Each structure stands twice: as C-alpha cells, then as structure tokens.
$ cat my_file_36.txt   # compact mmCIF, C-alpha atoms
# COMPACT_ATOMS: atom_id res chain seq x y z
CA MET A 25 200.63 -7.13 77.06
CA PHE A 26 200.65 -4.71 80.00
CA GLU A 27 204.39 -5.21 80.54
CA LYS A 28 205.47 -4.96 76.90
CA THR A 29 207.30 -1.90 75.61
CA SER A 30 205.59 0.60 73.33
CA GLU A 31 207.62 -0.69 70.39
CA GLU A 32 206.64 -4.28 71.07
CA LEU A 33 202.98 -3.30 71.25
CA LYS A 34 203.19 -1.28 68.04
CA SER A 35 204.58 -4.30 66.24
CA LEU A 36 201.45 -6.19 67.33
CA GLY A 37 199.12 -3.35 66.36
CA ALA A 38 198.06 -3.08 69.99
CA ASP A 39 199.76 -0.08 71.57
CA ILE A 40 196.70 2.21 71.57
CA THR A 41 194.17 -0.29 72.92
CA THR A 42 196.55 -1.65 75.55
CA ALA A 43 197.33 1.83 76.88
CA GLU A 44 193.65 2.77 76.91
CA ILE A 45 192.69 -0.29 78.93
CA MET A 46 195.51 0.31 81.40
CA GLN A 47 194.78 3.99 82.02
CA GLN A 48 191.19 3.45 83.16
CA PRO A 49 191.76 3.53 86.95
CA GLU A 50 193.32 6.97 86.54
CA LEU A 51 190.46 8.04 84.25
CA TRP A 52 187.88 7.00 86.86
CA ARG A 53 189.54 9.28 89.39
CA ASP A 54 189.48 12.05 86.76
CA ALA A 55 185.78 11.41 86.09
CA LEU A 56 185.07 11.87 89.79
CA SER A 57 186.77 15.29 89.65
CA ILE A 58 184.83 16.27 86.53
CA TYR A 59 181.60 15.28 88.28
CA ALA A 60 182.51 17.43 91.28
CA ASP A 61 183.25 20.40 89.01
CA HIS A 62 179.83 20.06 87.32
CA LYS A 63 177.79 19.21 90.39
CA GLU A 64 176.35 22.64 91.16
CA ALA A 65 175.37 23.29 87.54
CA LEU A 66 174.01 19.75 87.22
CA ASP A 67 171.83 20.13 90.31
CA THR A 68 170.34 23.30 88.86
CA PHE A 69 169.84 21.75 85.43
CA LEU A 70 168.20 18.58 86.79
CA ALA A 71 165.96 20.52 89.15
CA GLU A 72 164.69 22.61 86.22
CA ALA A 73 164.17 19.48 84.13
CA ALA A 74 162.21 17.79 86.94
CA SER A 75 160.01 20.85 87.33
CA MET A 76 158.71 20.71 83.73
CA ASP A 77 155.74 18.70 85.03
CA GLU A 78 155.76 18.36 88.80
CA SER A 79 152.76 16.03 88.74
CA ARG A 80 154.80 13.31 87.02
CA ARG A 81 158.20 11.74 87.35
CA LEU A 82 160.83 12.86 84.88
CA VAL A 83 161.47 10.06 82.36
CA VAL A 84 165.24 9.72 82.01
CA ILE A 85 166.16 7.91 78.79
CA PHE A 86 169.73 6.61 78.52
CA ALA A 87 170.54 6.46 74.82
CA GLY A 88 173.47 5.44 72.67
CA ALA A 89 174.37 3.01 69.91
CA GLY A 90 176.48 -0.13 70.26
CA THR A 91 178.78 0.13 73.27
CA SER A 92 177.23 3.50 74.15
CA ASP A 93 173.84 1.77 74.29
CA TYR A 94 175.24 -0.78 76.76
CA VAL A 95 176.12 2.07 79.13
CA GLY A 96 172.41 2.56 79.71
CA ASP A 97 171.73 -1.17 79.88
CA THR A 98 174.35 -1.46 82.62
CA VAL A 99 173.50 1.54 84.80
CA ALA A 100 169.67 1.61 84.54
CA PRO A 101 168.98 -1.51 86.69
CA TYR A 102 171.24 -0.14 89.42
CA LEU A 103 169.66 3.33 89.36
CA ASN A 104 166.15 1.90 89.38
CA ARG A 105 167.08 0.53 92.78
CA PHE A 106 169.50 3.13 94.17
CA GLY A 107 168.63 6.32 92.29
CA ASP A 108 165.93 8.83 93.28
CA THR A 109 162.97 6.93 91.82
CA SER A 110 160.50 9.31 93.46
CA ARG A 111 161.80 11.93 91.04
CA TYR A 112 163.05 9.92 88.05
CA GLU A 113 161.96 6.97 85.93
CA PHE A 114 165.05 5.44 84.32
CA LYS A 115 164.94 3.71 80.92
CA ALA A 116 167.63 2.47 78.54
CA VAL A 117 166.72 2.82 74.85
CA ALA A 118 169.18 2.55 71.96
CA THR A 119 169.42 5.61 69.73
CA THR A 120 168.94 3.21 66.82
CA ASP A 121 165.50 2.38 68.24
CA LEU A 122 164.62 5.99 69.07
CA VAL A 123 165.43 7.06 65.53
CA SER A 124 163.96 4.14 63.59
CA ALA A 125 160.75 3.64 65.61
CA PRO A 126 160.34 6.61 67.98
CA GLN A 127 156.63 6.16 68.68
CA GLY A 128 157.30 2.75 70.21
CA PHE A 129 159.68 4.20 72.79
CA LEU A 130 158.61 7.79 73.43
CA ASN A 131 155.46 9.29 74.91
CA PRO A 132 155.08 12.90 73.75
CA ASP A 133 153.30 13.80 77.00
CA ASP A 134 156.04 12.49 79.30
CA PRO A 135 158.46 15.10 80.65
CA THR A 136 161.69 13.61 79.30
CA LEU A 137 165.41 13.97 79.84
CA LEU A 138 167.40 12.41 77.01
CA VAL A 139 170.85 11.39 78.27
CA SER A 140 173.01 10.86 75.18
CA PHE A 141 176.16 8.75 75.42
CA ALA A 142 178.75 9.19 72.70
CA ARG A 143 182.48 8.68 72.37
CA SER A 144 182.87 10.91 69.33
CA GLY A 145 179.48 12.59 69.23
CA ASN A 146 179.51 12.26 65.46
CA SER A 147 177.41 9.13 64.94
CA PRO A 148 174.35 9.97 62.82
CA GLU A 149 172.00 8.22 65.26
CA SER A 150 173.25 10.27 68.22
CA LEU A 151 172.43 13.53 66.51
CA ALA A 152 169.16 12.29 65.02
CA ALA A 153 167.91 10.99 68.39
CA VAL A 154 168.19 14.48 69.85
CA GLU A 155 166.21 15.96 66.97
CA VAL A 156 163.51 13.27 67.16
CA VAL A 157 163.00 13.84 70.88
CA ARG A 158 163.08 17.60 70.41
CA SER A 159 160.39 17.47 67.72
CA TYR A 160 158.15 14.77 69.24
CA VAL A 161 158.22 15.26 73.01
CA LYS A 162 156.46 18.34 74.35
CA ASN A 163 158.71 18.90 77.37
CA ALA A 164 162.26 17.70 76.81
CA ARG A 165 165.73 18.42 78.12
CA PHE A 166 169.09 17.03 76.97
CA LEU A 167 172.11 15.85 78.94
CA ASN A 168 175.11 14.89 76.82
CA ILE A 169 177.86 12.72 78.27
CA THR A 170 180.54 12.54 75.63
CA CYS A 171 184.30 12.32 75.21
CA ALA A 172 184.99 14.59 72.22
CA PRO A 173 184.90 18.38 72.71
CA GLU A 174 185.04 18.80 68.92
CA GLY A 175 182.20 16.32 68.29
CA LYS A 176 178.94 17.51 66.77
CA LEU A 177 176.89 16.43 69.78
CA ALA A 178 178.88 18.74 72.05
CA ARG A 179 179.20 21.60 69.59
CA GLU A 180 175.58 21.68 68.50
CA SER A 181 174.41 21.93 72.11
CA GLU A 182 176.48 25.01 72.87
CA GLY A 183 174.29 27.90 73.94
CA ASP A 184 171.18 25.70 74.27
CA SER A 185 169.54 26.44 77.63
CA HIS A 186 167.71 23.11 77.44
CA ALA A 187 170.94 21.13 77.21
CA HIS A 188 173.93 20.43 79.41
CA THR A 189 177.11 18.73 78.23
CA ILE A 190 179.69 16.89 80.32
CA LEU A 191 182.98 16.16 78.57
CA ILE A 192 185.41 13.38 79.54
CA PRO A 193 188.10 14.17 76.95
CA ARG A 194 190.83 11.81 78.19
CA ALA A 195 188.40 8.92 77.67
CA ASN A 196 188.08 9.65 73.94
CA ASP A 197 189.56 6.30 72.91
CA GLY A 198 191.74 6.41 69.82
CA GLY A 199 191.55 2.66 69.28
CA PHE A 200 188.76 0.98 67.37
CA ALA A 201 186.97 -0.46 70.40
CA MET A 202 185.51 1.65 73.17
CA THR A 203 187.16 0.85 76.51
CA GLY A 204 187.75 3.86 78.76
CA SER A 205 184.91 5.75 77.09
CA PHE A 206 182.48 2.98 78.09
CA SER A 207 183.61 2.72 81.69
CA CYS A 208 183.90 6.49 82.20
CA MET A 209 180.48 7.30 80.73
CA SER A 210 178.98 4.55 82.89
CA LEU A 211 180.68 5.92 85.98
CA MET A 212 179.72 9.53 85.24
CA THR A 213 176.05 8.57 84.86
CA THR A 214 176.13 6.64 88.12
CA LEU A 215 177.73 9.54 89.96
CA ILE A 216 175.07 11.95 88.67
CA PHE A 217 172.02 9.87 89.54
CA ASP A 218 173.10 7.61 92.42
CA ALA A 219 171.35 8.70 95.62
CA ALA A 220 174.41 7.85 97.76
CA ASP A 221 176.27 10.81 99.27
CA ASP A 222 179.39 12.13 97.59
CA GLU A 223 181.75 10.90 100.31
CA GLN A 224 180.52 7.34 99.76
CA LYS A 225 180.84 7.75 96.00
CA ARG A 226 184.45 8.87 96.38
CA ALA A 227 185.24 5.83 98.50
CA TRP A 228 183.64 3.47 95.98
CA VAL A 229 185.47 5.04 93.03
CA GLU A 230 188.81 4.79 94.79
CA CYS A 231 188.17 1.17 95.66
CA ALA A 232 187.17 0.41 92.05
CA ALA A 233 190.34 2.13 90.80
CA LYS A 234 192.52 0.01 93.07
CA MET A 235 190.72 -3.10 91.84
CA GLY A 236 191.36 -1.98 88.25
CA GLU A 237 195.05 -1.69 89.06
CA ASN A 238 194.80 -5.20 90.47
CA VAL A 239 193.56 -6.44 87.08
CA ILE A 240 196.65 -5.00 85.41
CA ALA A 241 198.93 -6.70 87.92
CA ARG A 242 197.19 -10.05 87.37
CA GLU A 243 197.23 -10.17 83.57
CA GLY A 244 198.94 -13.55 83.75
CA GLU A 245 195.91 -15.07 85.48
CA VAL A 246 193.64 -13.82 82.72
CA MET A 247 195.99 -15.33 80.12
CA GLN A 248 195.62 -18.74 81.79
CA PHE A 249 191.92 -18.78 80.89
CA LEU A 250 192.84 -18.57 77.21
CA LEU A 251 195.51 -21.26 77.10
CA THR A 252 193.17 -23.83 75.66
CA ASP A 253 191.47 -24.72 72.38
CA PHE A 254 188.32 -22.60 72.03
CA ASP A 255 186.43 -20.75 69.30
CA ARG A 256 183.36 -19.53 71.19
CA VAL A 257 182.88 -17.23 74.18
CA THR A 258 179.76 -16.54 76.23
CA TYR A 259 179.29 -13.87 78.90
CA LEU A 260 176.46 -14.03 81.44
CA GLY A 261 175.32 -11.80 84.30
CA SER A 262 172.28 -10.58 86.21
CA GLY A 263 170.79 -7.11 86.70
CA SER A 264 173.37 -4.52 85.68
CA PHE A 265 175.74 -7.31 84.75
CA GLY A 266 173.33 -8.49 82.07
CA GLY A 267 174.12 -5.27 80.19
CA LEU A 268 177.79 -5.67 81.04
CA ALA A 269 177.76 -9.17 79.56
CA GLN A 270 176.60 -7.71 76.26
CA GLU A 271 179.45 -5.20 76.25
CA ALA A 272 182.04 -7.85 77.19
CA GLN A 273 181.00 -10.16 74.37
CA LEU A 274 181.08 -7.28 71.89
CA LYS A 275 184.70 -6.58 72.80
CA ILE A 276 185.59 -10.19 71.91
CA LEU A 277 183.66 -9.91 68.64
CA GLU A 278 185.17 -6.55 67.66
CA LEU A 279 188.81 -7.17 68.54
CA ALA A 280 188.87 -10.66 66.98
CA HIS A 281 186.96 -9.45 63.88
CA GLY A 282 184.40 -12.22 64.30
CA LEU A 283 186.98 -15.03 64.31
CA VAL A 284 185.62 -16.11 67.69
CA ALA A 285 181.85 -16.52 67.94
CA THR A 286 180.16 -14.86 70.93
CA SER A 287 176.90 -14.86 72.82
CA TYR A 288 175.55 -13.19 75.95
CA ASP A 289 172.51 -13.43 78.18
CA THR A 290 171.34 -13.15 81.75
CA SER A 291 172.25 -15.92 84.15
CA MET A 292 168.67 -17.16 84.38
CA GLY A 293 167.73 -16.42 80.78
CA TYR A 294 170.51 -18.54 79.31
CA ARG A 295 168.69 -21.80 79.97
CA HIS A 296 165.79 -20.80 77.72
CA GLY A 297 167.37 -21.76 74.42
CA PRO A 298 170.59 -19.70 74.17
CA LYS A 299 172.48 -22.30 76.21
CA SER A 300 172.43 -24.35 72.98
CA PHE A 301 175.42 -22.19 71.95
CA VAL A 302 177.71 -24.00 74.42
CA ASP A 303 179.89 -26.81 73.11
CA ASP A 304 183.25 -28.33 73.94
CA LYS A 305 185.12 -25.34 72.47
CA THR A 306 183.25 -22.66 74.44
CA LEU A 307 184.53 -20.47 77.26
CA VAL A 308 181.73 -19.28 79.54
CA PHE A 309 182.34 -16.26 81.78
CA VAL A 310 179.83 -15.23 84.46
CA PHE A 311 179.87 -11.85 86.22
CA VAL A 312 178.83 -12.67 89.79
CA SER A 313 176.65 -10.15 91.63
CA ASN A 314 177.49 -8.98 95.15
CA ASP A 315 173.80 -8.80 95.98
CA PRO A 316 173.21 -11.91 98.16
CA TYR A 317 169.87 -12.74 96.56
CA THR A 318 170.99 -12.29 92.94
CA ARG A 319 174.32 -14.01 93.59
CA GLN A 320 172.47 -17.30 94.12
CA TYR A 321 171.27 -17.32 90.51
CA ASP A 322 174.74 -16.55 89.16
CA LEU A 323 176.23 -19.41 91.17
CA ASP A 324 173.42 -21.71 90.05
CA ILE A 325 174.26 -21.26 86.37
CA LEU A 326 177.99 -21.58 87.04
CA ASN A 327 177.48 -24.86 88.89
CA GLU A 328 174.98 -26.14 86.32
CA ILE A 329 177.23 -25.55 83.31
CA LYS A 330 180.20 -26.97 85.22
CA ALA A 331 178.18 -30.11 86.01
CA ASP A 332 177.06 -30.41 82.38
CA GLY A 333 180.69 -30.92 81.43
CA ILE A 334 180.12 -29.73 77.89
CA CYS A 335 182.04 -26.44 77.74
CA ARG A 336 185.81 -25.99 77.53
CA LYS A 337 185.92 -23.80 80.65
CA ILE A 338 183.40 -22.11 82.96
CA ILE A 339 184.90 -19.08 84.73
CA ALA A 340 183.50 -16.77 87.41
CA ILE A 341 184.46 -13.11 87.60
CA GLN A 342 183.65 -12.38 91.24
CA GLN A 343 184.48 -10.45 94.37
CA ASP A 344 185.11 -12.16 97.70
CA ALA A 345 181.93 -10.73 99.21
CA GLY A 346 179.81 -13.82 99.83
CA GLU A 347 179.65 -17.42 98.66
CA LEU A 348 182.21 -18.05 95.92
CA PHE A 349 182.21 -20.27 92.88
CA SER A 350 184.49 -23.18 93.69
CA GLY A 351 185.69 -23.67 90.13
CA GLU A 352 187.94 -21.56 87.93
CA ALA A 353 187.62 -17.87 88.71
CA PHE A 354 189.11 -14.40 88.67
CA THR A 355 188.39 -13.33 92.24
CA PHE A 356 188.96 -9.90 93.76
CA THR A 357 190.00 -10.31 97.40
CA GLY A 358 190.88 -7.80 100.10
CA PHE A 359 188.63 -4.99 98.85
CA GLU A 360 185.45 -3.40 100.18
CA ALA A 361 182.37 -5.05 98.69
CA LEU A 362 181.18 -2.78 95.88
CA PRO A 363 177.66 -2.24 94.55
CA ALA A 364 177.09 -3.23 90.93
CA ALA A 365 177.53 0.14 89.21
CA TYR A 366 181.02 0.52 90.72
CA LEU A 367 181.99 -3.17 90.60
CA MET A 368 181.31 -3.17 86.86
CA LEU A 369 184.40 -0.98 86.39
CA PRO A 370 187.04 -3.57 87.36
CA PHE A 371 184.81 -6.37 86.04
CA ILE A 372 184.80 -4.90 82.53
CA MET A 373 188.57 -4.43 82.70
CA VAL A 374 188.83 -8.21 83.09
CA GLY A 375 186.61 -8.61 80.03
CA GLN A 376 188.62 -6.07 78.03
CA THR A 377 191.85 -7.86 78.94
CA VAL A 378 190.38 -11.17 77.78
CA SER A 379 189.45 -9.51 74.47
CA LEU A 380 192.86 -7.91 74.00
CA LEU A 381 194.74 -11.15 74.65
CA ASN A 382 192.35 -13.15 72.48
CA SER A 383 192.79 -10.71 69.59
CA ILE A 384 196.52 -11.37 69.65
CA ARG A 385 195.87 -15.11 70.04
CA VAL A 386 193.92 -15.26 66.77
CA GLY A 387 196.48 -13.13 64.92
CA ASN A 388 194.47 -9.93 64.75
CA THR A 389 195.55 -6.31 65.41
CA PRO A 390 193.46 -4.86 68.27
CA ASP A 391 193.93 -1.22 67.27
CA THR A 392 192.62 -1.82 63.73
CA PRO A 393 190.72 -5.10 63.94
CA SER A 394 188.62 -4.72 60.79
CA PRO A 395 191.01 -5.11 57.84
CA SER A 396 188.24 -4.70 55.27
CA GLY A 397 187.14 -1.37 56.72
CA THR A 398 183.49 -2.42 56.60
CA VAL A 399 183.19 -1.71 60.33
CA ASN A 400 184.39 1.72 61.41
CA ARG A 401 185.30 3.55 64.60
CA VAL A 402 182.52 6.05 63.82
CA VAL A 403 179.56 4.51 62.02
CA LYS A 404 179.22 5.37 58.34
CA GLY A 405 176.61 4.79 55.68
CA VAL A 406 173.55 5.65 57.80
CA THR A 407 170.67 7.45 56.11
CA ILE A 408 168.47 9.47 58.48
CA HIS A 409 164.97 9.78 57.07
CA PRO A 410 162.64 12.68 58.00
CA PHE A 411 160.33 11.88 60.89
CA THR A 412 156.78 13.22 61.04
CA ALA A 413 154.59 12.25 63.97
$ encode --input "my_file_36.txt" --output "structure tokens"
Amino acid sequence: MFEKTSEELKSLGADITTAEIMQQPELWRDALSIYADHKEALDTFLAEAASMDESRRLVVIFAGAGTSDYVGDTVAPYLNRFGDTSRYEFKAVATTDLVSAPQGFLNPDDPTLLVSFARSGNSPESLAAVEVVRSYVKNARFLNITCAPEGKLARESEGDSHAHTILIPRANDGGFAMTGSFSCMSLMTTLIFDAADDEQKRAWVECAAKMGENVIAREGEVMQFLLTDFDRVTYLGSGSFGGLAQEAQLKILELAHGLVATSYDTSMGYRHGPKSFVDDKTLVFVFVSNDPYTRQYDLDILNEIKADGICRKIIAIQQDAGELFSGEAFTFTGFEALPAAYLMLPFIMVGQTVSLLNSIRVGNTPDTPSPSGTVNRVVKGVTIHPFTA
C-alpha cells in the first residue's frame, strides 16, 4: 500500500488513510515544535491551575470518546510513573462516562484540570463534558488538545482565561479512522506532562520518528502476518500498552466494518476468561514492554498461547531491548530503547498498517469503511440531557 500510486490507492478507496498513516513520523516532529512554541504559556497555565488548591494535588482527567478516550488510557499509566506525581494525579475517564454518570467520576471538591482530546472538537460528548465539569467542580481548568481549528471545542474556548487550547491541525485526519490524530494527541500529552527534560524528549521523538519510517519500509513483513486464513484478531499489552491494545483492535474493527471479530486485554488479564475468544482462526498480537519487569509477563502470555497451539498465529510487536519472543515477531532493531509513551508511536503504526492491509484483504474501503453510514466520522444522534447535581 505504501508504494502504490495515488491513483491505485484511490481505486481501492484507501488513498486518504494510507497517506495519513505514512505521514505520522513527520507529524510527530511537528508536534514537538508545537509543544516548544506553547511551552512558556503552558507552564504559566499549569502553574495557575496547580495553585487553585495548594494543599491538594491537581487532578488531571484525560477525557475523550472512542479513540480519543484511548489516548488517556495509553498515556496515564506512563505519566503516573514518570510525570510529576507530587503535583498531579492523572486519571483517564471517557467523556461518555463523565457526561452520562458524572458523580461517579468527579469530586466537586477536587481541584481539576480537564484535558479534552478531540480530532474534530465537534462530538457532542466533548462539548458536554466541559460543561459538566464547569458546572459541577468548584475549581476547574480546561486544556484542549485538538486537531481542528474550526471545531467547536477550540472556538468555544477562545477568550476563556480558564482554558488553553493546543492545535495540531495537520493531524486532523480526513479518513474515517483516527490515525495521526491519535498518535499526535498522545505524544503532545506526554510532552506536556513527562518530567524528563526537553533535550531527552527531543531525542526520544526523533528515535520514534525513525522507527515509524522503519515501519513504512517494512510493510511487506506486516503483510506476511496476514497471509493466512483468519477471521479474528486479538491485541494484548501491559501498562500503557493495555490502552494501546484497545486502540489497535478498534482500528481492525473500524476499517473492516466488523467483518473481522476483535478483542483486547492486558497480557495478564487475558487468561481470566477473555482467552476463550482464541480459536484456530485467530491472530494474536502482543505489544511487548521495554520495562524488564513488565516484559516478563508479556513474554509469558506469548509463550503460553504459542504452546497452546490453538491460534492461527501469535505475533510479538517488540523492540530489541531485552529478552525477545522467539516466535513470529515484528522486531525493531538498531534503535535506542524507548520508554512506553514514545515506543507506542511506532507500535501503533504497526497496528494501523495491519488494519489497513486487512481492510483491503476483506474487500472493504478504508477511507469509507461503513457503507451503511450508521457509523460516522463525527458521532451523530447523541442527546445531551441537562445535568443537575
């Protein structure tokens, strides 16, 4: 797909999605520049937010719906280890939960920073979550990380001293599925809250970008995973890669319009019932952590499922930064070992490539995968009911 001409891709209904997957390494470098441009204003904004109640940590809620929700699920475990946890308490809560059952997820007395993730900024839940937090939480501030300058989330925050918006406009995916918007919003959040110094962040982003370019060059290896008879796909991972597994399986589900069944879980959690999903037509992918302790659990599940002999293929997505899975794998070699929040960038590109190739395999059109129109690029048909505490 990555070597086809624009005309060839258009005939497959895949030119937009293919280009948006391929451009991500360049977008990550752009995101780093956007972060640098905002850094001074961000530092001021976050310092003011943290000072709302200096006796308590600022509760930082990462919120979005669907893929935007998985941004928070992916970055929060990393930041709870490598962010400034003396100052912040990081939580990932879907906007769909904040809006439908706010009192189960919000404490009105907690000083709160709502970080809203949105590709378009027009989803009803994104806008409603801001209003629920504004009306229910006594001390609240709002950080919007979005890709659409014209979106309502960005426009309605203009002139609000309690809000700050960061735009990543080149990541405003035009295809149905979120690809660059997911990876860029994840990266931007990591850059803002990671306690590492900026020089180290730059080095990690550049390394991740080169690994992303490596994915493009090795498309043929990814295709080999799919040259078999399968109708189910599972993704597994630990820590941040548990959230990434959810996003990777959603890409399969979206781009194949449900023609391939999917599941996801954590590497350890999969044994507790969900492993029943695996049969002789299942591909199982495992994102392998670079953390030496966590890596053991990822390798355990890989080796266990391989020994079971019941799935079609068991495949590791891993970096050569410790013990490796000896079976079938997509392995990054020759690169600096990356921490999870940066390694997830090339890892998800592998998952996106699997989804793109699988969509073509089942005869679907990746750019417009829902022929009935019942699933839309921007969610429709949502009724927001008035909330009274």
$ atom_distance --input "my_file_36.txt" --atom1 "atom CA of Lys162 of chain A" --atom2 "atom CA of Gln127 of chain A"
13.4 Å
$ closest_residue --input "my_file_36.txt" --among "A:Arg143, A:His281, A:Arg194, A:Arg319" --to "Ala43 of chain A" --atoms "all atoms listed in the file"
A:Arg194
$ closest_residue --input "my_file_36.txt" --among "A:His62, A:Glu328, A:Gly282, A:Gln376" --to "Asn388 of chain A" --atoms "only C-alpha atoms"
A:Gly282
$ closest_residue --input "my_file_36.txt" --among "A:Asp77, A:Asp93, A:Asp197, A:Asp222" --to "Leu51 of chain A" --atoms "only C-alpha atoms"
A:Asp197
$ residues_around --input "my_file_36.txt" --residues "Val161 of chain A" --least-positions-apart "6" --cutoff "7 Å" --atoms "only C-alpha atoms" --output "mmCIF file with C-alpha atoms, in the coordinates of the input"
data_model
loop_
_atom_site.group_PDB
_atom_site.id
_atom_site.type_symbol
_atom_site.label_atom_id
_atom_site.label_comp_id
_atom_site.auth_asym_id
_atom_site.auth_seq_id
_atom_site.Cartn_x
_atom_site.Cartn_y
_atom_site.Cartn_z
ATOM 1 C CA ASN A 131 155.460 9.290 74.910
ATOM 2 C CA PRO A 132 155.080 12.900 73.750
ATOM 3 C CA ASP A 133 153.300 13.800 77.000
#
$ residues_around --input "my_file_36.txt" --residues "Val308 of chain A" --least-positions-apart "5" --cutoff "9 Å" --atoms "all atoms listed in the file" --output "VMD selection string"
chain A and resid 256 to 260 302 326 329 335 to 340
$ decode --input "my_file_36.txt" --residues "segment 253-281 of chain A" --atoms "N, CA and C atoms" --output "PDB file, in the first residue's frame"
ATOM      1  N   ASP A 253      -5.438 -17.878   6.788  1.00  0.00           N
ATOM      2  CA  ASP A 253      -6.904 -17.882   6.919  1.00  0.00           C
ATOM      3  C   ASP A 253      -7.277 -17.516   8.355  1.00  0.00           C
ATOM      4  N   PHE A 254      -7.782 -16.285   8.554  1.00  0.00           N
ATOM      5  CA  PHE A 254      -8.185 -15.861   9.893  1.00  0.00           C
ATOM      6  C   PHE A 254      -9.423 -14.991   9.804  1.00  0.00           C
ATOM      7  N   ASP A 255     -10.204 -14.965  10.891  1.00  0.00           N
ATOM      8  CA  ASP A 255     -11.364 -14.079  10.958  1.00  0.00           C
ATOM      9  C   ASP A 255     -11.516 -13.450  12.339  1.00  0.00           C
ATOM     10  N   ARG A 256     -10.467 -13.580  13.157  1.00  0.00           N
ATOM     11  CA  ARG A 256     -10.458 -12.952  14.479  1.00  0.00           C
ATOM     12  C   ARG A 256      -9.063 -12.384  14.747  1.00  0.00           C
ATOM     13  N   VAL A 257      -9.041 -11.252  15.477  1.00  0.00           N
ATOM     14  CA  VAL A 257      -7.764 -10.649  15.874  1.00  0.00           C
ATOM     15  C   VAL A 257      -7.862 -10.195  17.318  1.00  0.00           C
ATOM     16  N   THR A 258      -6.835 -10.516  18.083  1.00  0.00           N
ATOM     17  CA  THR A 258      -6.721 -10.050  19.466  1.00  0.00           C
ATOM     18  C   THR A 258      -5.442  -9.239  19.617  1.00  0.00           C
ATOM     19  N   TYR A 259      -5.523  -8.154  20.369  1.00  0.00           N
ATOM     20  CA  TYR A 259      -4.336  -7.386  20.764  1.00  0.00           C
ATOM     21  C   TYR A 259      -4.221  -7.406  22.284  1.00  0.00           C
ATOM     22  N   LEU A 260      -2.999  -7.599  22.765  1.00  0.00           N
ATOM     23  CA  LEU A 260      -2.716  -7.615  24.199  1.00  0.00           C
ATOM     24  C   LEU A 260      -1.539  -6.699  24.497  1.00  0.00           C
ATOM     25  N   GLY A 261      -1.474  -6.216  25.735  1.00  0.00           N
ATOM     26  CA  GLY A 261      -0.344  -5.406  26.187  1.00  0.00           C
ATOM     27  C   GLY A 261      -0.472  -5.130  27.669  1.00  0.00           C
ATOM     28  N   SER A 262       0.567  -4.565  28.236  1.00  0.00           N
ATOM     29  CA  SER A 262       0.593  -4.273  29.679  1.00  0.00           C
ATOM     30  C   SER A 262       0.872  -2.796  29.910  1.00  0.00           C
ATOM     31  N   GLY A 263       0.356  -2.259  31.029  1.00  0.00           N
ATOM     32  CA  GLY A 263       0.585  -0.849  31.339  1.00  0.00           C
ATOM     33  C   GLY A 263      -0.009   0.027  30.250  1.00  0.00           C
ATOM     34  N   SER A 264       0.792   0.949  29.731  1.00  0.00           N
ATOM     35  CA  SER A 264       0.326   1.817  28.650  1.00  0.00           C
ATOM     36  C   SER A 264      -0.110   1.029  27.429  1.00  0.00           C
ATOM     37  N   PHE A 265       0.492  -0.132  27.218  1.00  0.00           N
ATOM     38  CA  PHE A 265       0.154  -0.908  26.034  1.00  0.00           C
ATOM     39  C   PHE A 265      -1.169  -1.651  26.183  1.00  0.00           C
ATOM     40  N   GLY A 266      -1.730  -1.684  27.377  1.00  0.00           N
ATOM     41  CA  GLY A 266      -3.090  -2.168  27.533  1.00  0.00           C
ATOM     42  C   GLY A 266      -4.069  -1.238  26.841  1.00  0.00           C
ATOM     43  N   GLY A 267      -3.892   0.076  27.037  1.00  0.00           N
ATOM     44  CA  GLY A 267      -4.707   1.059  26.322  1.00  0.00           C
ATOM     45  C   GLY A 267      -4.443   1.029  24.835  1.00  0.00           C
ATOM     46  N   LEU A 268      -3.184   0.835  24.459  1.00  0.00           N
ATOM     47  CA  LEU A 268      -2.823   0.782  23.045  1.00  0.00           C
ATOM     48  C   LEU A 268      -3.458  -0.435  22.370  1.00  0.00           C
ATOM     49  N   ALA A 269      -3.557  -1.538  23.090  1.00  0.00           N
ATOM     50  CA  ALA A 269      -4.201  -2.730  22.546  1.00  0.00           C
ATOM     51  C   ALA A 269      -5.654  -2.443  22.187  1.00  0.00           C
ATOM     52  N   GLN A 270      -6.326  -1.658  23.019  1.00  0.00           N
ATOM     53  CA  GLN A 270      -7.720  -1.314  22.746  1.00  0.00           C
ATOM     54  C   GLN A 270      -7.825  -0.488  21.466  1.00  0.00           C
ATOM     55  N   GLU A 271      -6.935   0.457  21.296  1.00  0.00           N
ATOM     56  CA  GLU A 271      -6.940   1.276  20.087  1.00  0.00           C
ATOM     57  C   GLU A 271      -6.623   0.432  18.855  1.00  0.00           C
ATOM     58  N   ALA A 272      -5.639  -0.470  18.953  1.00  0.00           N
ATOM     59  CA  ALA A 272      -5.251  -1.284  17.802  1.00  0.00           C
ATOM     60  C   ALA A 272      -6.394  -2.192  17.344  1.00  0.00           C
ATOM     61  N   GLN A 273      -7.113  -2.776  18.318  1.00  0.00           N
ATOM     62  CA  GLN A 273      -8.225  -3.639  17.915  1.00  0.00           C
ATOM     63  C   GLN A 273      -9.368  -2.832  17.311  1.00  0.00           C
ATOM     64  N   LEU A 274      -9.554  -1.595  17.784  1.00  0.00           N
ATOM     65  CA  LEU A 274     -10.613  -0.768  17.207  1.00  0.00           C
ATOM     66  C   LEU A 274     -10.314  -0.441  15.745  1.00  0.00           C
ATOM     67  N   LYS A 275      -9.040  -0.241  15.408  1.00  0.00           N
ATOM     68  CA  LYS A 275      -8.698   0.038  14.019  1.00  0.00           C
ATOM     69  C   LYS A 275      -9.082  -1.132  13.120  1.00  0.00           C
ATOM     70  N   ILE A 276      -8.829  -2.370  13.574  1.00  0.00           N
ATOM     71  CA  ILE A 276      -9.248  -3.544  12.814  1.00  0.00           C
ATOM     72  C   ILE A 276     -10.771  -3.525  12.629  1.00  0.00           C
ATOM     73  N   LEU A 277     -11.482  -3.305  13.727  1.00  0.00           N
ATOM     74  CA  LEU A 277     -12.943  -3.338  13.723  1.00  0.00           C
ATOM     75  C   LEU A 277     -13.509  -2.271  12.798  1.00  0.00           C
ATOM     76  N   GLU A 278     -12.984  -1.045  12.887  1.00  0.00           N
ATOM     77  CA  GLU A 278     -13.488   0.067  12.083  1.00  0.00           C
ATOM     78  C   GLU A 278     -13.217  -0.142  10.595  1.00  0.00           C
ATOM     79  N   LEU A 279     -11.963  -0.418  10.257  1.00  0.00           N
ATOM     80  CA  LEU A 279     -11.583  -0.443   8.845  1.00  0.00           C
ATOM     81  C   LEU A 279     -12.112  -1.672   8.115  1.00  0.00           C
ATOM     82  N   ALA A 280     -12.417  -2.739   8.855  1.00  0.00           N
ATOM     83  CA  ALA A 280     -13.010  -3.931   8.231  1.00  0.00           C
ATOM     84  C   ALA A 280     -14.517  -3.970   8.417  1.00  0.00           C
ATOM     85  N   HIS A 281     -15.101  -2.913   9.006  1.00  0.00           N
ATOM     86  CA  HIS A 281     -16.551  -2.802   9.201  1.00  0.00           C
ATOM     87  C   HIS A 281     -17.116  -4.036   9.900  1.00  0.00           C
TER      88      HIS A 281
END
